[in-house]
>>> print(open('structure.txt').read())   # compact mmCIF, C-alpha atoms and all ligand atoms
# COMPACT_ATOMS: atom_id res chain seq x y z
CA TYR A 8 0.00 0.00 0.00
CA LEU A 9 0.83 3.60 -0.46
CA GLU A 10 3.83 4.38 1.70
CA HIS A 11 5.27 0.89 1.62
CA ASN A 12 5.10 -0.07 -2.00
CA PRO A 13 5.98 2.67 -4.47
CA ALA A 14 5.93 0.13 -7.30
CA ASP A 15 2.23 -0.42 -6.69
CA LEU A 16 1.59 3.29 -6.91
CA ALA A 17 3.45 3.46 -10.22
CA ARG A 18 1.46 0.49 -11.51
CA PHE A 19 -1.78 2.14 -10.37
CA LYS A 20 -0.93 5.42 -12.05
CA ALA A 21 -0.07 3.62 -15.29
CA HIS A 22 -3.42 1.82 -15.18
CA LEU A 23 -5.28 5.03 -14.33
CA SER A 24 -3.73 6.85 -17.28
CA ARG A 25 -4.94 4.08 -19.60
CA SER A 26 -8.41 3.98 -17.97
CA ARG A 27 -11.43 5.53 -19.61
CA ARG A 28 -14.54 4.12 -17.87
CA ILE A 29 -14.09 4.52 -14.11
CA LEU A 30 -16.58 4.16 -11.25
CA ALA A 31 -15.91 5.44 -7.72
CA LEU A 32 -17.98 4.06 -4.84
CA CYS A 33 -17.75 6.39 -1.84
CA GLY A 34 -18.77 6.17 1.79
CA ALA A 35 -18.59 8.10 5.03
CA GLY A 36 -14.78 7.92 5.18
CA LEU A 37 -14.68 10.40 2.27
CA SER A 38 -16.05 13.09 4.57
CA ALA A 39 -14.26 11.96 7.75
CA SER A 40 -11.47 14.51 7.45
CA SER A 41 -14.15 17.20 7.01
CA GLY A 42 -15.10 16.35 10.59
CA LEU A 43 -18.24 14.31 9.87
CA ALA A 44 -18.71 11.05 11.77
CA THR A 45 -18.82 7.65 10.08
CA PHE A 46 -21.46 5.01 10.86
CA ARG A 47 -19.43 2.08 12.08
CA GLY A 48 -16.47 2.19 14.43
CA ALA A 49 -15.21 5.35 16.14
CA GLY A 50 -17.67 8.20 15.78
CA GLY A 51 -20.58 5.86 15.05
CA LEU A 52 -22.42 6.93 18.17
CA TRP A 53 -24.81 9.83 18.66
CA LYS A 54 -25.45 10.36 22.34
CA THR A 55 -25.95 6.82 23.57
CA HIS A 56 -27.47 5.69 20.28
CA ASP A 57 -25.88 3.61 17.57
CA ALA A 58 -26.09 5.70 14.39
CA MET A 59 -27.02 2.61 12.36
CA SER A 60 -30.05 1.79 14.49
CA LEU A 61 -31.43 5.33 14.03
CA ALA A 62 -31.33 5.01 10.22
CA THR A 63 -34.44 2.85 9.97
CA PRO A 64 -38.15 3.47 9.33
CA GLN A 65 -38.86 1.52 12.54
CA ALA A 66 -36.79 3.93 14.65
CA PHE A 67 -38.62 6.90 13.08
CA THR A 68 -42.05 5.37 13.71
CA LYS A 69 -41.14 4.50 17.28
CA ASP A 70 -39.46 7.78 18.21
CA PRO A 71 -39.69 10.54 15.58
CA SER A 72 -38.41 13.10 18.09
CA LEU A 73 -35.19 11.17 18.65
CA VAL A 74 -34.61 10.47 14.97
CA TRP A 75 -35.37 14.07 13.93
CA GLN A 76 -32.89 15.41 16.47
CA PHE A 77 -30.25 13.02 15.15
CA TYR A 78 -30.84 14.23 11.58
CA SER A 79 -31.13 17.86 12.59
CA ALA A 80 -27.71 17.65 14.24
CA ARG A 81 -26.32 15.89 11.16
CA ARG A 82 -27.78 18.59 8.87
CA GLN A 83 -26.11 21.30 10.90
CA ALA A 84 -22.79 19.44 11.03
CA ALA A 85 -22.86 18.82 7.28
CA PHE A 86 -23.72 22.42 6.50
CA SER A 87 -20.87 23.80 8.57
CA ALA A 88 -18.38 21.23 7.21
CA LYS A 89 -16.18 21.99 4.23
CA PRO A 90 -15.30 19.71 1.32
CA ASN A 91 -11.82 18.22 1.75
CA PRO A 92 -9.05 17.45 -0.79
CA ALA A 93 -10.57 14.02 -1.48
CA HIS A 94 -13.88 15.56 -2.64
CA ARG A 95 -11.92 18.01 -4.77
CA ALA A 96 -9.72 15.30 -6.32
CA LEU A 97 -12.84 13.39 -7.41
CA ALA A 98 -14.43 16.58 -8.77
CA ALA A 99 -11.26 17.37 -10.73
CA LEU A 100 -11.06 13.88 -12.26
CA SER A 101 -14.75 14.13 -13.20
CA ILE A 102 -14.14 17.37 -15.05
CA LYS A 103 -11.19 15.83 -16.91
CA ASN A 104 -12.94 12.54 -17.72
CA LYS A 105 -16.62 12.49 -18.70
CA ASP A 106 -16.59 8.68 -18.55
CA PHE A 107 -15.94 8.77 -14.80
CA ILE A 108 -18.94 8.44 -12.45
CA THR A 109 -19.11 8.64 -8.67
CA VAL A 110 -21.70 6.65 -6.74
CA THR A 111 -21.78 8.15 -3.27
CA GLN A 112 -23.58 6.75 -0.26
CA ASN A 113 -23.03 10.06 1.51
CA VAL A 114 -25.93 12.40 2.20
CA ASP A 115 -23.85 15.38 3.34
CA GLY A 116 -23.73 17.37 0.10
CA LEU A 117 -19.96 17.88 0.30
CA SER A 118 -19.29 16.39 -3.15
CA PRO A 119 -21.71 18.78 -4.91
CA ARG A 120 -20.24 21.67 -2.94
CA SER A 121 -16.73 20.68 -4.04
CA GLY A 122 -17.68 21.43 -7.65
CA HIS A 123 -18.35 17.83 -8.65
CA PRO A 124 -20.30 17.87 -11.96
CA ALA A 125 -23.90 16.90 -11.04
CA GLY A 126 -24.38 14.62 -14.05
CA GLN A 127 -21.49 12.41 -12.92
CA LEU A 128 -22.54 12.15 -9.27
CA PHE A 129 -25.13 9.66 -8.01
CA PRO A 130 -26.08 10.17 -4.33
CA VAL A 131 -27.93 6.88 -4.00
CA HIS A 132 -28.78 7.24 -0.29
CA GLY A 133 -30.50 10.59 -0.74
CA SER A 134 -29.61 13.90 0.81
CA LEU A 135 -29.81 15.69 4.15
CA SER A 136 -30.89 18.83 2.32
CA THR A 137 -34.23 17.37 1.26
CA VAL A 138 -37.21 16.54 3.43
CA LYS A 139 -40.23 14.57 2.32
CA CYS A 140 -43.79 13.95 3.44
CA THR A 141 -44.72 10.73 5.22
CA GLY A 142 -48.39 11.09 4.16
CA VAL A 143 -49.51 8.01 2.23
CA PHE A 144 -50.93 9.90 -0.78
CA CYS A 145 -48.74 12.96 -0.58
CA ASN A 146 -45.47 12.97 -2.54
CA TYR A 147 -44.37 16.35 -1.29
CA VAL A 148 -40.58 16.78 -1.35
CA GLU A 149 -38.85 19.96 -0.38
CA PHE A 150 -35.33 21.17 -0.85
CA ASN A 151 -34.42 22.75 2.42
CA ASN A 152 -31.15 24.51 2.82
CA PHE A 153 -29.29 23.61 5.91
CA ASP A 154 -28.98 26.90 7.73
CA MET A 155 -32.70 27.07 8.32
CA ALA A 156 -33.81 25.07 11.34
CA LEU A 157 -36.83 23.03 10.26
CA THR A 158 -38.88 24.00 13.31
CA PRO A 159 -38.12 26.10 16.41
CA ALA A 160 -37.91 22.91 18.47
CA LEU A 161 -35.08 21.74 16.21
CA ALA A 162 -33.17 25.03 16.28
CA PRO A 163 -29.42 24.56 16.88
CA SER A 164 -29.61 25.77 20.47
CA SER A 165 -32.26 23.17 21.35
CA VAL A 166 -30.56 20.27 19.60
CA PRO A 167 -27.70 18.23 21.05
CA SER A 168 -24.57 18.35 18.95
CA ALA A 169 -23.82 16.04 16.05
CA PRO A 170 -21.88 12.82 16.40
CA SER A 171 -18.25 13.75 16.69
CA THR A 172 -15.04 12.19 15.53
CA ASP A 173 -13.47 13.54 18.72
CA PRO A 174 -14.33 11.09 21.52
CA ALA A 175 -13.61 13.76 24.15
CA ALA A 176 -16.42 15.90 22.73
CA ALA A 177 -19.05 13.21 23.23
CA ASP A 178 -21.15 13.23 26.36
CA PRO A 179 -22.26 9.61 26.53
CA ASP A 180 -25.01 10.25 29.05
CA ALA A 181 -26.71 13.25 27.53
CA GLN A 182 -30.19 12.34 26.30
CA PRO A 183 -32.05 14.52 23.81
CA PRO A 184 -35.32 16.07 25.04
CA ASN A 185 -38.62 14.58 23.92
CA ILE A 186 -40.14 16.96 21.35
CA PRO A 187 -43.95 16.66 21.02
CA LEU A 188 -45.19 15.45 17.63
CA ASP A 189 -46.81 18.76 16.68
CA GLU A 190 -43.50 20.60 17.14
CA LEU A 191 -41.72 18.36 14.62
CA PRO A 192 -41.54 19.36 10.91
CA LYS A 193 -44.93 19.17 9.16
CA CYS A 194 -45.90 19.03 5.47
CA SER A 195 -47.17 22.38 4.15
CA LYS A 196 -49.57 20.52 1.79
CA CYS A 197 -51.19 17.90 4.03
CA SER A 198 -49.73 18.57 7.52
CA SER A 199 -48.45 15.01 7.93
CA LEU A 200 -45.07 14.53 9.57
CA LEU A 201 -42.09 15.32 7.34
CA ARG A 202 -39.01 13.07 7.34
CA PRO A 203 -35.43 13.40 6.15
CA GLY A 204 -34.95 12.73 2.42
CA VAL A 205 -32.50 9.90 3.00
CA VAL A 206 -32.73 6.16 2.32
CA TRP A 207 -33.20 4.03 5.40
CA PHE A 208 -32.64 0.28 5.77
CA GLY A 209 -35.35 -1.72 4.05
CA GLU A 210 -36.21 1.17 1.70
CA THR A 211 -35.53 1.19 -2.00
CA LEU A 212 -32.93 3.51 -3.45
CA PRO A 213 -34.09 6.32 -5.81
CA LYS A 214 -35.17 4.45 -8.94
CA ASP A 215 -33.93 7.03 -11.44
CA LEU A 216 -30.43 7.07 -9.94
CA VAL A 217 -30.24 3.27 -9.73
CA LYS A 218 -31.32 3.03 -13.36
CA SER A 219 -28.71 5.55 -14.48
CA VAL A 220 -25.94 3.71 -12.62
CA ASN A 221 -27.10 0.35 -14.01
CA ASP A 222 -27.22 1.77 -17.54
CA TRP A 223 -23.70 3.16 -17.10
CA ILE A 224 -22.38 -0.16 -15.77
CA ASN A 225 -24.00 -2.10 -18.60
CA ALA A 226 -22.80 0.29 -21.30
CA GLY A 227 -19.47 -1.48 -21.81
CA PRO A 228 -16.24 -2.70 -20.28
CA ILE A 229 -15.11 -0.85 -17.14
CA ASP A 230 -11.44 -0.10 -16.55
CA LEU A 231 -11.28 0.80 -12.88
CA CYS A 232 -13.38 0.78 -9.69
CA LEU A 233 -12.26 3.04 -6.82
CA VAL A 234 -13.67 2.02 -3.43
CA ILE A 235 -13.26 5.03 -1.15
CA GLY A 236 -13.93 5.28 2.59
CA THR A 237 -16.71 2.72 2.75
CA SER A 238 -17.04 -0.44 4.79
CA GLY A 239 -18.78 -1.98 1.76
CA ARG A 240 -21.35 -3.74 3.89
CA VAL A 241 -24.50 -2.00 2.76
CA TRP A 242 -26.39 -3.24 -0.29
CA PRO A 243 -27.12 -2.66 -3.09
CA ALA A 244 -24.27 -0.08 -3.13
CA ALA A 245 -21.62 -2.65 -2.16
CA GLY A 246 -22.66 -4.82 -5.11
CA TYR A 247 -21.38 -2.24 -7.58
CA ILE A 248 -17.79 -3.32 -6.84
CA GLN A 249 -18.39 -6.84 -8.11
CA ARG A 250 -20.46 -5.63 -11.04
CA CYS A 251 -17.55 -3.45 -12.13
CA GLU A 252 -15.18 -6.42 -11.80
CA GLU A 253 -17.50 -8.57 -13.89
CA ASN A 254 -17.19 -5.90 -16.55
CA GLY A 255 -13.40 -6.13 -16.44
CA ALA A 256 -12.54 -3.46 -13.89
CA LYS A 257 -9.48 -3.53 -11.69
CA VAL A 258 -10.29 -2.53 -8.10
CA ALA A 259 -8.45 -0.07 -5.86
CA ILE A 260 -9.47 0.31 -2.23
CA ILE A 261 -8.68 3.53 -0.40
CA ASN A 262 -9.49 3.16 3.30
CA MET A 263 -8.15 4.27 6.66
CA ASP A 264 -8.44 0.89 8.26
CA ILE A 265 -7.97 -1.95 5.80
CA TRP A 266 -6.16 -4.46 7.98
CA ASN A 267 -8.35 -4.17 11.05
CA ASP A 268 -11.51 -4.84 9.09
CA PRO A 269 -11.29 -8.33 7.60
CA GLU A 270 -14.86 -8.06 6.34
CA LEU A 271 -14.24 -4.86 4.42
CA GLY A 272 -16.21 -5.29 1.22
CA GLY A 273 -14.14 -5.96 -1.85
CA VAL A 274 -10.76 -6.41 -0.14
CA ALA A 275 -10.36 -10.00 -1.23
CA HIS A 276 -10.54 -8.96 -4.87
CA ALA A 277 -8.67 -5.70 -4.75
CA ASP A 278 -5.78 -5.05 -7.12
CA TRP A 279 -4.57 -2.14 -4.99
CA LEU A 280 -4.97 -1.37 -1.31
CA PHE A 281 -4.14 2.17 -0.24
CA GLU A 282 -4.38 2.47 3.51
CA GLY A 283 -4.73 5.89 5.10
CA ASP A 284 -6.81 9.06 5.00
CA CYS A 285 -8.37 9.42 1.55
CA ALA A 286 -7.99 13.20 1.86
CA THR A 287 -4.23 12.61 1.67
CA ILE A 288 -4.21 9.62 -0.66
CA LEU A 289 -6.69 10.64 -3.39
CA PRO A 290 -4.98 13.90 -4.41
CA GLU A 291 -1.74 11.94 -4.63
CA ILE A 292 -2.95 8.96 -6.63
CA LEU A 293 -5.47 10.73 -8.89
CA GLU A 294 -3.36 13.75 -9.83
C1 LIG A 301 -11.79 6.27 6.03
C2 LIG A 301 -11.50 7.44 6.68
C3 LIG A 301 -10.65 8.30 6.01
C4 LIG A 301 -12.80 6.40 7.96
N1 LIG A 301 -10.16 7.95 4.81
N2 LIG A 301 -11.30 5.95 4.86
C5 LIG A 301 -28.26 -8.11 0.31
C6 LIG A 301 -27.58 -8.81 1.27
C7 LIG A 301 -27.76 -8.50 2.62
C8 LIG A 301 -28.59 -7.46 3.01
C9 LIG A 301 -29.26 -6.76 2.04
C10 LIG A 301 -29.08 -7.08 0.71
N3 LIG A 301 -29.83 -6.22 -0.02
C11 LIG A 301 -30.46 -5.36 0.82
C12 LIG A 301 -30.13 -5.67 2.09
C13 LIG A 301 -30.62 -4.97 3.30
C14 LIG A 301 -29.86 -3.70 3.60
C15 LIG A 301 -28.37 -4.01 3.86
O1 LIG A 301 -27.51 -3.71 3.09
N4 LIG A 301 -28.08 -4.58 5.00
C16 LIG A 301 -26.69 -4.91 5.35
C17 LIG A 301 -26.19 -3.99 6.45
C18 LIG A 301 -26.61 -6.37 5.75
N5 LIG A 301 -29.97 -2.71 2.52
C19 LIG A 301 -31.03 -1.94 2.40
O2 LIG A 301 -31.97 -2.03 3.19
C20 LIG A 301 -31.07 -0.94 1.26
N6 LIG A 301 -32.31 -1.02 0.57
C21 LIG A 301 -32.61 -2.04 -0.25
O3 LIG A 301 -31.81 -2.88 -0.54
O4 LIG A 301 -33.90 -1.98 -0.76
C22 LIG A 301 -34.41 -3.15 -1.42
C23 LIG A 301 -34.70 -4.17 -0.34
C24 LIG A 301 -35.53 -3.84 0.70
C25 LIG A 301 -35.80 -4.77 1.70
C26 LIG A 301 -35.19 -6.03 1.67
C27 LIG A 301 -34.35 -6.35 0.61
C28 LIG A 301 -34.11 -5.40 -0.40
C29 LIG A 301 -31.02 0.50 1.79
C30 LIG A 301 -29.74 0.81 2.45
C31 LIG A 301 -29.81 2.26 3.02
C32 LIG A 301 -28.61 2.59 3.89
N7 LIG A 301 -28.86 3.82 4.57
C33 LIG A 301 -27.82 4.41 5.39
C34 LIG A 301 -28.41 5.65 6.12
C35 LIG A 301 -28.56 6.83 5.16
C36 LIG A 301 -29.06 8.06 5.85
C37 LIG A 301 -28.06 8.60 6.84
O5 LIG A 301 -26.96 9.06 6.46
O6 LIG A 301 -28.38 8.59 8.02
O7 LIG A 301 -26.71 4.78 4.60
S1 LIG A 301 -27.10 3.27 6.56
C38 LIG A 301 -25.46 3.89 6.45
O8 LIG A 301 -24.58 2.90 5.85
C39 LIG A 301 -25.54 5.03 5.43
C40 LIG A 301 -24.27 4.85 4.66
O9 LIG A 301 -24.39 5.49 3.40
C41 LIG A 301 -24.17 3.36 4.56
C42 LIG A 301 -22.79 2.86 4.25
O10 LIG A 301 -21.89 3.16 5.27
P1 LIG A 301 -20.42 3.64 4.92
O11 LIG A 301 -20.50 4.90 4.16
O12 LIG A 301 -19.69 2.52 4.29
O13 LIG A 301 -19.85 4.03 6.35
P2 LIG A 301 -19.12 3.10 7.43
O14 LIG A 301 -19.09 3.89 8.69
O15 LIG A 301 -19.70 1.76 7.48
O16 LIG A 301 -17.64 2.93 6.87
C43 LIG A 301 -16.73 4.02 6.80
C44 LIG A 301 -15.43 3.47 6.25
O17 LIG A 301 -14.57 4.57 6.03
C45 LIG A 301 -14.71 2.51 7.20
O18 LIG A 301 -14.28 1.38 6.44
C46 LIG A 301 -13.49 3.30 7.68
O19 LIG A 301 -12.35 2.49 7.88
C47 LIG A 301 -13.28 4.25 6.55
N8 LIG A 301 -12.68 5.52 6.90
N9 LIG A 301 -12.16 7.42 7.93
C48 LIG A 301 -10.52 6.72 4.30
N10 LIG A 301 -10.28 9.47 6.59
ZN ZN A 302 -47.82 15.97 2.64
>>> encode(input="structure.txt", output="C-alpha cells", more="lines below")
Ligand code: BJW
Ligand code: ZN
Amino acid sequence: YLEHNPADLARFKAHLSRSRRILALCGAGLSASSGLATFRGAGGLWKTHDAMSLATPQAFTKDPSLVWQFYSARRQAAFSAKPNPAHRALAALSIKNKDFITVTQNVDGLSPRSGHPAGQLFPVHGSLSTVKCTGVFCNYVEFNNFDMALTPALAPSSVPSAPSTDPAAADPDAQPPNIPLDELPKCSKCSSLLRPGVVWFGETLPKDLVKSVNDWINAGPIDLCLVIGTSGRVWPAAGYIQRCEENGAKVAIINMDIWNDPELGGVAHADWLFEGDCATILPEILE
C-alpha cells in the first residue's frame, strides 16, 4: 500500500492513465477529514445511540423526536463542514474525464459543494438537504437549505450536537429532550409529519439514480473501480464493486483501516490497497 510499495503506486498510475470508464464508490470515510462522523467504528455513536439503528423506518415510527434530532444535528454538522481534498480530487477527475462516475452513499452534500459535476454524481442514499412527506398519498418533497432550522424545536440551540469524531467531545449520558409530535416538521400541503430525504434500511434507493448507474455499468467494459472510505457492507451499493469487476474493472481500495476490518467489502478482490486518509491519498494517486 501507499507508503510501503511505491511500485504499486506506479502500476496504479499507469493503469489510471490508460483507464477511460471509471466508477468510484464512496462512503462516510470520504467526509471523515471534514469532521463528519462515520457510521461504524469510532464516531458511530450519537449520544448513547448507535447511528445505524437510528437510520431505519422503525426507529422513526417509534421515536420521531429522537430520529429528527439526530438528523437535525447531522444537517447542521454537514452544513458547517467543508469539502476536503478528497472531494476536490474526485471533482477534478470528473471534469477531466466524462466517462468517470461517482456513486456516493453520503448524504452530506460535500461532493456537490466541491464542484463535482452533477451529471457524474449519483447520491444513492438521498440527501440531508431534502425533506419529504410521510403522508400516504402525498409525494411532497422539499429542498431545504441547511442553515434554516426546520422547526423552532429543532433550532441549533435546542438540539444536542452532532456525532463527533473527537471522543472527548461526546457526552455519553446526555439524552435529547422529547419533542412533542406537533412541534416536529410538518408538510405544508397535508400537515403530515415530514421526514429526512434519506434512504433508510429496508427502503428502495431512488429508482432514477439506480437506473442511471445500471445503464452506465451495462454500457461497456469498465477499466477501474475506486472504493473510497466505505465499509462496503451496505447493499445494493456494495454490489457495484463486483459488477464493475465482472465488466473487467481492476479494483483499488482507499481506506483508513484496511487491515483491522477483515470483512471490508471488496478487499479479497482488490488489485490495490491504499491504507490511510483518503484526503491525503486521493490527491496523490489521482493527480
Ligand atoms: C476512512 C476514513 C478516512 C474512515 N479515509 N477511509 C443483500 C444482502 C444483505 C442485506 C441486504 C441485501 N440487499 C439489501 C439488504 C438490506 C440492507 C443491507 O444492506 N443490510 C446490510 C447492512 C446487511 N440494505 C437496504 O436495506 C437498502 N435497501 C434495499 O436494498 O432496498 C431493497 C430491499 C428492501 C428490503 C429487503 C431487501 C431489499 C437500503 C440501504 C440504506 C442505507 N442507509 C444508510 C443511512 C442513510 C441516511 C443517513 O446518512 O443517516 O446509509 S445506513 C449507512 O450505511 C448510510 C451509509 O451510506 C451506509 C454505508 O456506510 P459507509 O459509508 O460505508 O460508512 P461506514 O461507517 O460503514 O464505513 C466508513 C469506512 O470509512 C470505514 O471502512 C473506515 O475504515 C473508513 N474511513 N475514515 C478513508 N479518513
Ligand atoms: Zn404531505
>>> axis_aligned_box(input="structure.txt", around="ligand LIG 301 (chain A)", padding_each_side="4 Å", output="JSON")
{"center_x": -23.0, "center_y": 0.3, "center_z": 3.6, "size_x": 33.6, "size_y": 26.3, "size_z": 18.1}
>>> residues_around(input="structure.txt", residues="Ala259 of chain A", least_positions_apart="4", cutoff="7 Å", atoms="all atoms listed in the file", output="list in words")
Cys232, Leu233, Val234, Ala277, Asp278, Trp279 and Leu280 of chain A
>>> residues_near_ligand(input="structure.txt", ligand="ligand LIG 301 (chain A)", cutoff="8 Å", atoms="all atoms listed in the file", output="number ranges by chain")
A: 33-40, 44-48, 51, 58-59, 61-63, 78, 111-115, 132-135, 205-212, 235-245, 261-265, 268, 271, 282-286
>>> residues_near_ligand(input="structure.txt", ligand="ligand ZN 302 (chain A)", cutoff="9 Å", atoms="all atoms listed in the file", output="tab-separated table (two decimals) with C-alpha atoms, keeping the file's coordinate frame")
chain	number	residue	atom	x	y	z
A	139	LYS	CA	-40.23	14.57	2.32
A	140	CYS	CA	-43.79	13.95	3.44
A	141	THR	CA	-44.72	10.73	5.22
A	142	GLY	CA	-48.39	11.09	4.16
A	143	VAL	CA	-49.51	8.01	2.23
A	144	PHE	CA	-50.93	9.90	-0.78
A	145	CYS	CA	-48.74	12.96	-0.58
A	146	ASN	CA	-45.47	12.97	-2.54
A	147	TYR	CA	-44.37	16.35	-1.29
A	148	VAL	CA	-40.58	16.78	-1.35
A	193	LYS	CA	-44.93	19.17	9.16
A	194	CYS	CA	-45.90	19.03	5.47
A	195	SER	CA	-47.17	22.38	4.15
A	196	LYS	CA	-49.57	20.52	1.79
A	197	CYS	CA	-51.19	17.90	4.03
A	198	SER	CA	-49.73	18.57	7.52
A	199	SER	CA	-48.45	15.01	7.93
A	200	LEU	CA	-45.07	14.53	9.57
A	201	LEU	CA	-42.09	15.32	7.34
>>> atom_distance(input="structure.txt", atom1="atom CA of Arg27 of chain A", atom2="atom CA of Gly116 of chain A")
26.1 Å
>>> build_atoms(input="structure.txt", residues="segment 192-206 of chain A", atoms="N, CA and C atoms", output="compact mmCIF listing (two decimals), keeping the file's coordinate frame")
# COMPACT_ATOMS: atom_id res chain seq x y z
N PRO A 192 -41.23 18.80 12.23
CA PRO A 192 -41.54 19.36 10.91
C PRO A 192 -42.79 18.73 10.27
N LYS A 193 -43.66 19.59 9.75
CA LYS A 193 -44.93 19.17 9.16
C LYS A 193 -45.01 19.58 7.70
N CYS A 194 -45.71 18.77 6.90
CA CYS A 194 -45.90 19.03 5.47
C CYS A 194 -46.80 20.26 5.28
N SER A 195 -46.38 21.18 4.39
CA SER A 195 -47.17 22.38 4.15
C SER A 195 -48.39 22.07 3.29
N LYS A 196 -48.43 20.89 2.65
CA LYS A 196 -49.57 20.52 1.79
C LYS A 196 -50.63 19.77 2.60
N CYS A 197 -50.19 18.78 3.41
CA CYS A 197 -51.19 17.90 4.03
C CYS A 197 -51.01 17.79 5.55
N SER A 198 -50.06 18.51 6.08
CA SER A 198 -49.73 18.57 7.52
C SER A 198 -49.36 17.24 8.17
N SER A 199 -49.05 16.23 7.36
CA SER A 199 -48.45 15.01 7.93
C SER A 199 -47.02 15.32 8.38
N LEU A 200 -46.46 14.40 9.12
CA LEU A 200 -45.07 14.53 9.57
C LEU A 200 -44.13 14.50 8.36
N LEU A 201 -43.15 15.40 8.35
CA LEU A 201 -42.09 15.32 7.34
C LEU A 201 -40.98 14.42 7.87
N ARG A 202 -40.16 13.91 6.96
CA ARG A 202 -39.01 13.07 7.34
C ARG A 202 -37.80 13.47 6.50
N PRO A 203 -36.61 13.09 6.95
CA PRO A 203 -35.43 13.40 6.15
C PRO A 203 -35.47 12.67 4.80
N GLY A 204 -34.95 13.31 3.77
CA GLY A 204 -34.95 12.73 2.42
C GLY A 204 -33.78 11.79 2.18
N VAL A 205 -33.60 10.87 3.10
CA VAL A 205 -32.50 9.90 3.00
C VAL A 205 -33.10 8.50 2.88
N VAL A 206 -32.26 7.54 2.50
CA VAL A 206 -32.73 6.16 2.32
C VAL A 206 -32.38 5.34 3.55
